[in-house]
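> Below you'll find structure17.cif; it's mmCIF, C-alpha atoms and all ligand atoms.
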```
data_work
loop_
_atom_site.group_PDB
_atom_site.id
_atom_site.type_symbol
_atom_site.label_atom_id
_atom_site.label_comp_id
_atom_site.auth_asym_id
_atom_site.auth_seq_id
_atom_site.Cartn_x
_atom_site.Cartn_y
_atom_site.Cartn_z
ATOM 1 C CA MET A 221 0.000 0.000 0.000
ATOM 2 C CA ALA A 222 1.292 3.436 -0.957
ATOM 3 C CA ASP A 223 -0.374 5.271 1.945
ATOM 4 C CA ALA A 224 -0.849 8.440 -0.070
ATOM 5 C CA ILE A 225 -1.635 11.822 1.454
ATOM 6 C CA ILE A 226 -4.952 13.084 0.068
ATOM 7 C CA GLU A 227 -5.510 16.842 0.039
ATOM 8 C CA VAL A 228 -8.387 19.060 -1.025
ATOM 9 C CA VAL A 229 -6.749 21.709 -3.226
ATOM 10 C CA PRO A 230 -8.001 25.206 -4.129
ATOM 11 C CA MET A 231 -8.983 26.457 -7.592
ATOM 12 C CA ASP A 232 -5.520 27.890 -8.252
ATOM 13 C CA GLU A 233 -4.186 24.296 -8.269
ATOM 14 C CA LEU A 234 -6.201 23.501 -11.414
ATOM 15 C CA PRO A 235 -2.997 23.510 -13.566
ATOM 16 C CA LEU A 236 -1.642 20.600 -11.469
ATOM 17 C CA ILE A 237 -4.913 18.691 -11.872
ATOM 18 C CA VAL A 238 -4.835 19.252 -15.642
ATOM 19 C CA GLU A 239 -1.215 18.030 -15.777
ATOM 20 C CA LEU A 240 -2.201 14.830 -13.937
ATOM 21 C CA TYR A 241 -5.264 14.426 -16.168
ATOM 22 C CA ASN A 242 -3.064 14.647 -19.267
ATOM 23 C CA GLN A 243 -0.640 12.034 -17.889
ATOM 24 C CA ILE A 244 -3.530 9.605 -17.414
ATOM 25 C CA PHE A 245 -6.171 10.286 -20.111
ATOM 26 C CA ARG A 246 -6.232 10.625 -23.893
ATOM 27 C CA PRO A 247 -7.159 12.794 -25.728
ATOM 28 C CA SER A 248 -5.538 15.499 -23.630
ATOM 29 C CA LYS A 249 -7.545 18.560 -22.531
ATOM 30 C CA ASP A 250 -6.467 22.141 -22.019
ATOM 31 C CA ILE A 251 -7.144 24.119 -18.881
ATOM 32 C CA GLU A 252 -9.784 26.242 -20.633
ATOM 33 C CA SER A 253 -11.987 23.187 -21.206
ATOM 34 C CA PHE A 254 -11.956 22.519 -17.441
ATOM 35 C CA ARG A 255 -12.691 26.179 -16.647
ATOM 36 C CA ARG A 256 -15.573 26.098 -19.138
ATOM 37 C CA ARG A 257 -17.027 22.963 -17.545
ATOM 38 C CA TYR A 258 -16.712 24.491 -14.081
ATOM 39 C CA LEU A 259 -18.905 27.481 -15.026
ATOM 40 C CA GLY A 260 -22.107 27.406 -13.042
ATOM 41 C CA ARG A 261 -21.081 24.280 -11.063
ATOM 42 C CA TYR A 262 -21.701 24.230 -7.348
ATOM 43 C CA ASN A 263 -19.323 22.766 -4.734
ATOM 44 C CA ILE A 264 -16.462 21.897 -7.089
ATOM 45 C CA LEU A 265 -14.120 19.505 -5.281
ATOM 46 C CA GLN A 266 -10.495 19.102 -6.419
ATOM 47 C CA MET A 267 -8.274 16.627 -4.583
ATOM 48 C CA VAL A 268 -4.691 15.495 -5.159
ATOM 49 C CA ALA A 269 -3.004 12.304 -3.898
ATOM 50 C CA ARG A 270 0.695 12.614 -3.080
ATOM 51 C CA VAL A 271 3.267 9.938 -2.325
ATOM 52 C CA GLU A 272 6.438 11.336 -0.767
ATOM 53 C CA GLU A 273 5.328 14.818 -1.936
ATOM 54 C CA LYS A 274 4.917 13.673 -5.574
ATOM 55 C CA PRO A 275 1.432 14.212 -7.068
ATOM 56 C CA VAL A 276 0.310 10.795 -8.351
ATOM 57 C CA GLY A 277 -3.472 10.973 -8.539
ATOM 58 C CA PHE A 278 -6.426 13.334 -8.573
ATOM 59 C CA PHE A 279 -10.172 13.554 -8.091
ATOM 60 C CA LEU A 280 -12.536 16.137 -9.581
ATOM 61 C CA GLY A 281 -16.205 16.357 -8.732
ATOM 62 C CA PHE A 282 -19.139 18.700 -8.355
ATOM 63 C CA GLU A 283 -22.803 18.724 -7.380
ATOM 64 C CA LEU A 284 -25.124 16.961 -9.813
ATOM 65 C CA LYS A 285 -28.259 17.804 -7.833
ATOM 66 C CA PRO A 286 -28.862 18.705 -4.183
ATOM 67 C CA THR A 287 -28.782 15.069 -3.003
ATOM 68 C CA THR A 288 -26.111 13.786 -5.365
ATOM 69 C CA PHE A 289 -22.417 14.511 -5.857
ATOM 70 C CA PHE A 290 -20.821 13.617 -9.188
ATOM 71 C CA ALA A 291 -17.330 12.123 -9.451
ATOM 72 C CA TRP A 292 -16.414 13.628 -12.819
ATOM 73 C CA PHE A 293 -12.797 12.547 -13.319
ATOM 74 C CA TYR A 294 -10.235 10.793 -11.207
ATOM 75 C CA GLY A 295 -7.174 8.779 -11.973
ATOM 76 C CA VAL A 296 -3.836 7.510 -10.739
ATOM 77 C CA SER A 297 -0.494 7.658 -12.602
ATOM 78 C CA PRO A 298 0.285 4.279 -14.189
ATOM 79 C CA ASP A 299 3.351 3.576 -11.979
ATOM 80 C CA TYR A 300 1.272 3.987 -8.802
ATOM 81 C CA ARG A 301 -1.751 1.820 -9.608
ATOM 82 C CA ARG A 302 -2.963 -1.165 -7.560
ATOM 83 C CA GLN A 303 -1.620 0.396 -4.365
ATOM 84 C CA GLY A 304 -4.976 1.570 -3.038
ATOM 85 C CA ILE A 305 -4.581 5.213 -4.092
ATOM 86 C CA ALA A 306 -7.840 5.520 -6.064
ATOM 87 C CA SER A 307 -9.623 3.846 -3.142
ATOM 88 C CA GLN A 308 -8.111 6.426 -0.773
ATOM 89 C CA LEU A 309 -9.165 9.269 -3.112
ATOM 90 C CA MET A 310 -12.706 7.915 -3.435
ATOM 91 C CA GLU A 311 -13.041 7.343 0.300
ATOM 92 C CA ALA A 312 -11.894 10.926 0.919
ATOM 93 C CA ALA A 313 -14.433 12.142 -1.674
ATOM 94 C CA HIS A 314 -17.192 10.081 -0.023
ATOM 95 C CA SER A 315 -16.456 11.594 3.392
ATOM 96 C CA TRP A 316 -16.251 15.123 1.959
ATOM 97 C CA ALA A 317 -19.590 14.657 0.149
ATOM 98 C CA LYS A 318 -21.233 13.165 3.233
ATOM 99 C CA SER A 319 -20.035 16.040 5.392
ATOM 100 C CA HIS A 320 -21.521 18.424 2.807
ATOM 101 C CA GLU A 321 -24.959 16.784 3.164
ATOM 102 C CA TYR A 322 -24.939 14.702 -0.044
ATOM 103 C CA GLU A 323 -26.655 11.318 0.144
ATOM 104 C CA VAL A 324 -25.407 9.716 -3.060
ATOM 105 C CA MET A 325 -22.210 9.638 -5.144
ATOM 106 C CA ARG A 326 -22.600 9.098 -8.897
ATOM 107 C CA LEU A 327 -19.966 7.781 -11.342
ATOM 108 C CA GLU A 328 -20.155 7.195 -15.077
ATOM 109 C CA CYS A 329 -17.836 4.801 -16.862
ATOM 110 C CA HIS A 330 -17.279 3.473 -20.378
ATOM 111 C CA ASN A 331 -17.190 -0.285 -20.792
ATOM 112 C CA GLN A 332 -13.560 -0.234 -21.868
ATOM 113 C CA HIS A 333 -12.436 1.317 -18.553
ATOM 114 C CA ARG A 334 -12.267 -2.118 -16.938
ATOM 115 C CA PRO A 335 -10.147 -1.069 -13.911
ATOM 116 C CA LEU A 336 -12.768 1.516 -13.006
ATOM 117 C CA LEU A 337 -15.624 -0.989 -13.384
ATOM 118 C CA HIS A 338 -13.772 -3.247 -10.928
ATOM 119 C CA LEU A 339 -13.038 -0.367 -8.572
ATOM 120 C CA ALA A 340 -16.672 0.811 -8.564
ATOM 121 C CA ILE A 341 -17.936 -2.658 -7.638
ATOM 122 C CA VAL A 342 -15.268 -3.095 -4.935
ATOM 123 C CA LEU A 343 -16.224 0.292 -3.453
ATOM 124 C CA GLY A 344 -19.861 -0.792 -3.165
ATOM 125 C CA TYR A 345 -21.404 1.098 -6.088
ATOM 126 C CA ASN A 346 -24.558 -0.213 -7.785
ATOM 127 C CA VAL A 347 -25.220 -0.110 -11.519
ATOM 128 C CA VAL A 348 -28.224 2.211 -11.890
ATOM 129 C CA GLY A 349 -28.435 2.471 -15.672
ATOM 130 C CA ILE A 350 -26.708 3.290 -18.895
ATOM 131 C CA ARG A 351 -26.764 6.384 -21.087
ATOM 132 C CA TRP A 352 -25.629 7.056 -24.609
ATOM 133 C CA ASP A 353 -22.529 9.251 -24.867
ATOM 134 C CA ALA A 354 -22.943 11.002 -28.228
ATOM 135 C CA ASP A 355 -19.412 12.503 -28.047
ATOM 136 C CA ARG A 356 -17.739 9.081 -27.787
ATOM 137 C CA THR A 357 -20.517 7.157 -29.598
ATOM 138 C CA ASP A 358 -20.575 4.601 -26.817
ATOM 139 C CA ASN A 359 -22.656 3.704 -23.795
ATOM 140 C CA LEU A 360 -21.704 4.858 -20.322
ATOM 141 C CA VAL A 361 -22.489 2.652 -17.328
ATOM 142 C CA LEU A 362 -24.006 4.705 -14.495
ATOM 143 C CA PHE A 363 -23.072 3.824 -10.926
ATOM 144 C CA GLU A 364 -24.355 5.182 -7.632
ATOM 145 C CA LYS A 365 -23.507 4.583 -4.026
ATOM 146 C CA TYR A 366 -25.488 5.637 -0.969
ATOM 147 C CA LEU A 367 -23.000 7.386 1.255
ATOM 148 C CA ASP A 368 -24.484 5.756 4.369
ATOM 149 C CA ASP A 369 -23.758 2.236 3.047
HETATM 150 C C1 LIG B 1 -9.274 3.179 -12.291
HETATM 151 C C2 LIG B 1 -8.065 3.675 -11.498
HETATM 152 C C3 LIG B 1 -8.393 5.096 -10.996
HETATM 153 C C4 LIG B 1 -7.791 2.717 -10.312
HETATM 154 O O1 LIG B 1 -6.709 3.279 -9.534
HETATM 155 P P1 LIG B 1 -5.866 2.392 -8.503
HETATM 156 O O2 LIG B 1 -5.174 3.351 -7.563
HETATM 157 O O3 LIG B 1 -5.017 1.437 -9.245
HETATM 158 O O4 LIG B 1 -7.012 1.593 -7.735
HETATM 159 P P2 LIG B 1 -6.875 0.842 -6.313
HETATM 160 O O5 LIG B 1 -5.463 0.405 -6.123
HETATM 161 O O6 LIG B 1 -7.491 1.689 -5.249
HETATM 162 O O7 LIG B 1 -7.793 -0.440 -6.577
HETATM 163 C C5 LIG B 1 -8.723 -0.908 -5.621
HETATM 164 C C6 LIG B 1 -9.358 -2.183 -6.123
HETATM 165 O O8 LIG B 1 -10.041 -1.940 -7.372
HETATM 166 C C7 LIG B 1 -9.894 -3.107 -8.227
HETATM 167 N N1 LIG B 1 -9.046 -2.760 -9.376
HETATM 168 C C8 LIG B 1 -8.355 -1.615 -9.604
HETATM 169 N N2 LIG B 1 -7.701 -1.694 -10.784
HETATM 170 C C9 LIG B 1 -7.973 -2.912 -11.299
HETATM 171 C C10 LIG B 1 -7.581 -3.580 -12.501
HETATM 172 N N3 LIG B 1 -6.748 -2.998 -13.391
HETATM 173 N N4 LIG B 1 -8.054 -4.831 -12.723
HETATM 174 C C11 LIG B 1 -8.877 -5.426 -11.838
HETATM 175 N N5 LIG B 1 -9.280 -4.852 -10.661
HETATM 176 C C12 LIG B 1 -8.833 -3.602 -10.405
HETATM 177 C C13 LIG B 1 -9.180 -4.146 -7.377
HETATM 178 O O9 LIG B 1 -10.177 -4.862 -6.669
HETATM 179 C C14 LIG B 1 -8.357 -3.278 -6.434
HETATM 180 O O10 LIG B 1 -7.992 -3.941 -5.243
HETATM 181 P P3 LIG B 1 -6.695 -4.917 -5.243
HETATM 182 O O11 LIG B 1 -5.575 -4.168 -5.913
HETATM 183 O O12 LIG B 1 -6.465 -5.158 -3.769
HETATM 184 O O13 LIG B 1 -7.100 -6.161 -6.008
HETATM 185 C C15 LIG B 1 -6.772 3.685 -12.372
HETATM 186 O O14 LIG B 1 -6.615 2.417 -12.989
HETATM 187 C C16 LIG B 1 -6.783 4.745 -13.460
HETATM 188 O O15 LIG B 1 -6.398 5.892 -13.212
HETATM 189 N N6 LIG B 1 -7.218 4.355 -14.671
HETATM 190 C C17 LIG B 1 -7.255 5.284 -15.800
HETATM 191 C C18 LIG B 1 -8.193 6.423 -15.584
HETATM 192 C C19 LIG B 1 -9.646 6.038 -15.397
HETATM 193 O O16 LIG B 1 -10.148 5.116 -16.046
HETATM 194 N N7 LIG B 1 -10.332 6.819 -14.546
HETATM 195 C C20 LIG B 1 -11.735 6.636 -14.264
HETATM 196 C C21 LIG B 1 -12.667 7.269 -15.240
HETATM 197 S S1 LIG B 1 -12.967 8.983 -14.906
#
```
Mind turning the file's structure into C-alpha cells?
Ligand SMILES: CC(C)(COP(=O)(O)OP(=O)(O)OC[C@H]1O[C@@H](n2cnc3c(N)ncnc32)[C@H](O)[C@@H]1OP(=O)(O)O)[C@@H](O)C(=O)NCCC(=O)NCCS


Amino acid sequence: MADAIIEVVPMDELPLIVELYNQIFRPSKDIESFRRRYLGRYNILQMVARVEEKPVGFFLGFELKPTTFFAWFYGVSPDYRRQGIASQLMEAAHSWAKSHEYEVMRLECHNQHRPLLHLAIVLGYNVVGIRWDADRTDNLVLFEKYLDD
C-alpha cells in the first residue's frame, strides 16, 4: 500500500490537476476546457493524492443535484496503480460529500475502462443504468452509491 496523502486543493491548483489528467487520459484537454465545464457548477471539489510529496493521482467532482455529488474525473499515474490510491481518493471524496450533506455519489464509466468498473464494484457502487454518450458514440455505465452504506 502506498499510503498516499490526500488533500483538497483550491482552484488555483487547477494547472496541477490538468497536468495529472493529461498524464492519465487521452485525448488530452487544455485548462480552458476545465474552466468552461466548471462554469455554473456548485461545490467543485479538487483533490490530489501525493506519495512522498509527488502528485500521483487526482479527483474532480461537483454537485449533480442537491442530493447527489458527481465524481467527474479521477485517476492515478500508471506507476502507482494497484496500491490503493484511487480507493483512498474515493473514500476521501465520499467523506467530503457526506459532510456536505450529499446522500449519493454518482460515477459514469465506459465499458472499456475495466479497472474503473472493478473499482466501482469493490467500493460498493450499484449499476443504476446506462446512457448514450454522443461525443464518444458509446454507452456509459451509471453507478451510484449511498453514502451511508
Ligand atoms: C481506475 C483507477 C483510478 C484505479 O486506480 P488504482 O489506484 O489502481 O485503484 P486501487 O489500487 O485503489 O484499486 C482498488 C481495487 O479496485 C480493483 N481494481 C483496480 N484496478 C484494477 C484492474 N486494473 N483490474 C482489476 N481490478 C482492479 C481491485 O479490486 C483493487 O484492489 P486490489 O488491488 O487489492 O485487487 C486507475 O486504474 C486509473 O487511473 N485508470 C485510468 C483512468 C480512469 O479510467 N479513470 C476513471 C474514469 S474517470

> Using all atoms listed in the file, list the residues that have an atom at most 12 Å from (-16.4, 0.8, -9.6), coordinates as in the file, as a PyMOL selection string.

chain A and resi 291+294+306-307+310+325-331+333-347+361-365

> Separation of atom CA of Phe289 of chain A and atom CA of Leu240 of chain A, in Å?

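Atom-to-atom, atom CA of Phe289 of chain A and atom CA of Leu240 of chain A are spaced 21.8 Å apart.
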
> Is it possible to get the axis-aligned box enclosing segment 350-369 of chain A (all listed atoms, 8 Å extra per side) as AutoDock Vina command-line options, with centre and edge lengths in Å rounded to one decimal?


```
--center_x -22.3 --center_y 7.4 --center_z -12.6 --size_x 25.0 --size_y 26.3 --size_z 50.0
```

> Hey, which of A:Tyr258, A:Trp316, A:Trp292, A:Tyr366 ends up closest to ligand LIG 1 (chain B)? Count only C-alpha atoms and all ligand atoms.

A:Trp292

> Mind telling me what the PyMOL selection byres (((chain A and resi 250) around 10) and not hetatm) catches here, as a VMD selection string?

chain A and resid 235 238 to 239 241 to 242 248 to 249 251 to 255

> Taking all atoms listed in the file into account, which of A:Thr357, A:Ser297, A:Asn263, A:Ser315 comes nearest ligand LIG 1 (chain B)?

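Closest to ligand LIG 1 (chain B), using all atoms listed in the file: A:Ser297.
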
> Given the file shown, enumerate the residues that the PyMOL selection byres (((chain A and resi 280) around 7) and not hetatm) captures and present them as a list in words.

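With the PyMOL selection byres (((chain A and resi 280) around 7) and not hetatm) on this model, the match is Leu265, Gln266, Met267, Phe278, Phe279, Gly281, Ala291, Trp292, Phe293 and Tyr294 of chain A.
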
> Quick one: residues within 12 Å of Pro275 of chain A, all atoms listed in the file counted, chain neighbours fewer than 3 positions away excluded, as number ranges by chain?

A: 224-227, 229, 233, 236-241, 243, 267-272, 278-279, 295-297, 299-300, 305

> Suppose we keep C-alpha atoms; can you now write the selection as a compact mmCIF listing (two decimals), keeping the file's coordinate frame?


```
# COMPACT_ATOMS: atom_id res chain seq x y z
CA ALA A 224 -0.85 8.44 -0.07
CA ILE A 225 -1.64 11.82 1.45
CA ILE A 226 -4.95 13.08 0.07
CA GLU A 227 -5.51 16.84 0.04
CA VAL A 229 -6.75 21.71 -3.23
CA GLU A 233 -4.19 24.30 -8.27
CA LEU A 236 -1.64 20.60 -11.47
CA ILE A 237 -4.91 18.69 -11.87
CA VAL A 238 -4.84 19.25 -15.64
CA GLU A 239 -1.22 18.03 -15.78
CA LEU A 240 -2.20 14.83 -13.94
CA TYR A 241 -5.26 14.43 -16.17
CA GLN A 243 -0.64 12.03 -17.89
CA MET A 267 -8.27 16.63 -4.58
CA VAL A 268 -4.69 15.50 -5.16
CA ALA A 269 -3.00 12.30 -3.90
CA ARG A 270 0.70 12.61 -3.08
CA VAL A 271 3.27 9.94 -2.33
CA GLU A 272 6.44 11.34 -0.77
CA PHE A 278 -6.43 13.33 -8.57
CA PHE A 279 -10.17 13.55 -8.09
CA GLY A 295 -7.17 8.78 -11.97
CA VAL A 296 -3.84 7.51 -10.74
CA SER A 297 -0.49 7.66 -12.60
CA ASP A 299 3.35 3.58 -11.98
CA TYR A 300 1.27 3.99 -8.80
CA ILE A 305 -4.58 5.21 -4.09
```

> Name the closest residue to ligand LIG 1 (chain B) among the candidates A:Leu259, A:Leu360, A:Ile264, A:Met231; distances are taken between atoms, counting all atoms listed in the file.

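The shortest atom-to-atom distance to ligand LIG 1 (chain B) comes from A:Leu360.
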
> In Å, how far is it from atom C4 of ligand LIG 1 (chain B) to atom CA of Gly304 of chain A?

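One can read the atom C4 of ligand LIG 1 (chain B) to atom CA of Gly304 of chain A distance as 7.9 Å.
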
> Can you work out which one of A:Gln303, A:Met221, A:Tyr262, A:Arg257 has the shortest atom-to-atom distance to ligand LIG 1 (chain B), counting all atoms listed in the file?

A:Gln303

> Would you please work out which residue, of A:Glu283, A:Ala222, A:Leu234, A:Arg301, is nearest to ligand LIG 1 (chain B) when using all atoms listed in the file?

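That would be A:Arg301, the residue with the smallest distance to ligand LIG 1 (chain B).
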
> Rounded to one decimal, what separation in Å do you get between atom CA of Pro298 of chain A and atom P3 of ligand LIG 1 (chain B)?

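Separation of atom CA of Pro298 of chain A and atom P3 of ligand LIG 1 (chain B): 14.6 Å.
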
> Using only C-alpha atoms and all ligand atoms, pick whichever of A:Asp232, A:Glu273, A:Glu311, A:Glu321 has the shortest atom-to-atom distance to ligand LIG 1 (chain B).

A:Glu311

> For the file shown, report as a compact mmCIF listing (two decimals) with C-alpha atoms, in the frame of the given file the outcome of the PyMOL selection byres (((chain A and resi 322) around 7) and not hetatm) at residue level.


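Generated file (part.txt):
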```txt
# COMPACT_ATOMS: atom_id res chain seq x y z
CA PRO A 286 -28.86 18.70 -4.18
CA THR A 287 -28.78 15.07 -3.00
CA THR A 288 -26.11 13.79 -5.36
CA PHE A 289 -22.42 14.51 -5.86
CA ALA A 317 -19.59 14.66 0.15
CA LYS A 318 -21.23 13.16 3.23
CA HIS A 320 -21.52 18.42 2.81
CA GLU A 321 -24.96 16.78 3.16
CA GLU A 323 -26.66 11.32 0.14
CA VAL A 324 -25.41 9.72 -3.06
```

> Using only C-alpha atoms, determine which residues lie at most 12 Å from Ser319 of chain A, disregarding the query and same-chain residues fewer than 5 positions distant; provide the list as a ChimeraX atom specification.

/A:289,312-314,324,367-368
